[in-house]
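Asker: I have a structure I would like to understand better, so I am pasting it below and will then ask my questions one at a time.
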Amino acid sequence: MLMRTDPFREMDRIVQQLSGASGTWSKPSVMPMDAYRQGDEYVIAFDLPGVSTEAIDIDVERNMLTVKAERRPTGKSDGVQMELSERPLGVFSRQVMLADTLDTERIEAEYDAGVLTLRIPIAERAKPRKISIGSESGRKLISG
């Protein structure tokens with residue numbers, strides 16, 4: 001149901017993880033995701049721990065799904081001295097090309113425990129259906 005658009009995107013994600021680079025609006029970091037079919041819907045789950053719902057933006061234009069999020073630093077008072085900072089901050093983004101068989105008009109989103117889950121129904125036209133076979137005796141032939 002998903003179509004990969006950039007074969008080098010995964011390599012960029014690995015390099016960013018190893019280098020510890022933070023994402024910016026012009027060059028966001030990639031967020032990890034899982035995608036699977038469950039019954040009559042397609043599910044995509046994005047890991048976004050520590051991101052508030054107000055900092056998540058979900059857009060669909062034609063069949064291109066774009067998810068952007070920003071993890072901001074926590075408010076620190078003047079008396080705080082940072083000893084260790086390993087959690088990545090900055091902007092995260094992921095674009096996913098959705099197949100025509102998905103109903104992008106009825107996408108549902110929920111955010112729980114740092115995971116953004118999108119549920120996309122399979123379009124009715126893409127579901128399997130039975131085709132009945134008519135008999136020759138039931139047809140009227142017109143002769144001219």
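Following the order of the structure tokens, chains are lettered A, B, ..., residues in each are numbered from 1, and ligands are numbered from 1.
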Need the shell around Asn63 (chain A): protein/DNA/RNA residues with any atom at most 8 Å away, counting only C-alpha atoms. Skip same-chain ones fewer than 4 positions apart. Format as a ChimeraX atom specification?
Answerer: /A:97-100,104
Asker: For the residues in the current selection, export all heavy atoms as a PDB file, in the first residue's frame.
Answerer:
ATOM      1  N   MET A  97       4.086   8.219   0.259  1.00  0.00           N
ATOM      2  CA  MET A  97       3.193   8.187  -0.897  1.00  0.00           C
ATOM      3  C   MET A  97       2.176   7.073  -0.648  1.00  0.00           C
ATOM      4  O   MET A  97       2.536   5.911  -0.477  1.00  0.00           O
ATOM      5  CB  MET A  97       3.983   7.899  -2.178  1.00  0.00           C
ATOM      6  CG  MET A  97       3.118   7.823  -3.409  1.00  0.00           C
ATOM      7  SD  MET A  97       2.425   9.390  -3.900  1.00  0.00           S
ATOM      8  CE  MET A  97       3.812  10.101  -4.726  1.00  0.00           C
ATOM      9  N   LEU A  98       0.900   7.446  -0.604  1.00  0.00           N
ATOM     10  CA  LEU A  98      -0.170   6.494  -0.346  1.00  0.00           C
ATOM     11  C   LEU A  98      -0.717   5.957  -1.665  1.00  0.00           C
ATOM     12  O   LEU A  98      -0.827   6.699  -2.649  1.00  0.00           O
ATOM     13  CB  LEU A  98      -1.291   7.156   0.447  1.00  0.00           C
ATOM     14  CG  LEU A  98      -0.897   7.749   1.799  1.00  0.00           C
ATOM     15  CD1 LEU A  98      -2.083   8.486   2.410  1.00  0.00           C
ATOM     16  CD2 LEU A  98      -0.384   6.685   2.734  1.00  0.00           C
ATOM     17  N   ALA A  99      -1.093   4.706  -1.677  1.00  0.00           N
ATOM     18  CA  ALA A  99      -1.657   4.090  -2.874  1.00  0.00           C
ATOM     19  C   ALA A  99      -3.059   4.637  -3.142  1.00  0.00           C
ATOM     20  O   ALA A  99      -3.741   5.123  -2.237  1.00  0.00           O
ATOM     21  CB  ALA A  99      -1.706   2.575  -2.705  1.00  0.00           C
ATOM     22  N   ASP A 100      -3.485   4.549  -4.392  1.00  0.00           N
ATOM     23  CA  ASP A 100      -4.833   4.997  -4.772  1.00  0.00           C
ATOM     24  C   ASP A 100      -5.928   4.162  -4.119  1.00  0.00           C
ATOM     25  O   ASP A 100      -7.084   4.566  -4.117  1.00  0.00           O
ATOM     26  CB  ASP A 100      -5.003   4.929  -6.294  1.00  0.00           C
ATOM     27  CG  ASP A 100      -4.167   5.984  -6.998  1.00  0.00           C
ATOM     28  OD1 ASP A 100      -3.883   7.027  -6.377  1.00  0.00           O
ATOM     29  OD2 ASP A 100      -3.810   5.766  -8.167  1.00  0.00           O
ATOM     30  N   THR A 104      -8.153   8.566   1.477  1.00  0.00           N
ATOM     31  CA  THR A 104      -7.469   9.645   2.187  1.00  0.00           C
ATOM     32  C   THR A 104      -8.435  10.683   2.773  1.00  0.00           C
ATOM     33  O   THR A 104      -8.027  11.527   3.560  1.00  0.00           O
ATOM     34  CB  THR A 104      -6.469  10.368   1.254  1.00  0.00           C
ATOM     35  OG1 THR A 104      -7.167  10.862   0.121  1.00  0.00           O
ATOM     36  CG2 THR A 104      -5.372   9.417   0.813  1.00  0.00           C
TER      37      THR A 104
END
Asker: Find, counting only C-alpha atoms, the residue in A:Arg62, A:Asp112, A:Ile120, A:Ile131 that gets nearest to Gln38 (chain A).
Answerer: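 Once distances to Gln38 (chain A) are computed over only C-alpha atoms, the minimum belongs to A:Ile120.
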Asker: Figure out the distance between CA of Arg119 (chain A) and CA of Ile44 (chain A), please, to one decimal in Å.
Answerer: 6.7 Å
Asker: Between A:Val80, A:Met64, A:Ile58, A:Leu89, which has the minimum distance to Ser29 (chain A) (counting only C-alpha atoms)?
Answerer: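 Smallest distance to Ser29 (chain A) is found for A:Leu89.
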Asker: In Å, with one decimal, what is the gap from CA of Pro49 (chain A) to CA of Ala109 (chain A)?
Answerer: 15.7 Å
Asker: Just the number, please: distance in Å from CA of Phe46 (chain A) to CA of Met82 (chain A), one decimal.
Answerer: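 Between CA of Phe46 (chain A) and CA of Met82 (chain A) the gap is 28.2 Å.
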Asker: Env of Ala123 (chain A): 8 Å cut, atoms = only C-alpha atoms, seq-sep filter 3 positions within chain, self excluded. Answer as a list of chain:residue names.
Answerer: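 Counting only C-alpha atoms, the residues come to A:Thr101, A:Leu102, A:Asp103, A:Ala126, A:Lys127.
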Asker: For those residues, write N, CA and C atoms to a file as a compact mmCIF listing (two decimals), in the first residue's frame.
Answerer:
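Once everything was written out, this is selection11.txt:
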# COMPACT_ATOMS: atom_id res chain seq x y z
N THR A 101 -5.58 3.02 -3.58
CA THR A 101 -6.57 2.13 -2.97
C THR A 101 -6.94 2.54 -1.55
N LEU A 102 -6.34 3.62 -1.03
CA LEU A 102 -6.64 4.09 0.32
C LEU A 102 -7.57 5.30 0.26
N ASP A 103 -8.47 5.40 1.23
CA ASP A 103 -9.44 6.49 1.31
C ASP A 103 -8.84 7.63 2.14
N ALA A 126 -11.38 -0.86 -3.75
CA ALA A 126 -10.21 -1.73 -3.69
C ALA A 126 -10.47 -3.04 -2.95
N LYS A 127 -11.62 -3.14 -2.30
CA LYS A 127 -11.93 -4.35 -1.54
C LYS A 127 -12.38 -5.46 -2.49
Asker: Which residue gives the smallest distance to Glu108 (chain A) among A:Tyr36, A:Val91, A:Glu41, A:Pro128, with only C-alpha atoms counted?
Answerer: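 The answer is A:Glu41, which sits nearest to Glu108 (chain A).
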Asker: Restricting the calculation to only C-alpha atoms: of A:Arg129, A:Glu105, A:Ile122, A:Pro73, which residue gets closest to Ser85 (chain A)?
Answerer: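 Among A:Arg129, A:Glu105, A:Ile122, A:Pro73, it is A:Pro73 that comes nearest to Ser85 (chain A).
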Asker: Determine the nearest neighbour of Val67 (chain A) from the options A:Asp40, A:Glu124, A:Asp47, A:Glu86, counting only C-alpha atoms.
Answerer: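 Of the candidates, the smallest distance to Val67 (chain A) is held by A:Asp47.
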Asker: Enumerate as a count of residues only all residues of region 42-100 of chain A assigned to strand (DSSP E) by DSSP on the backbone, naming them with the chain letters and numbers the document uses.
Answerer: 29
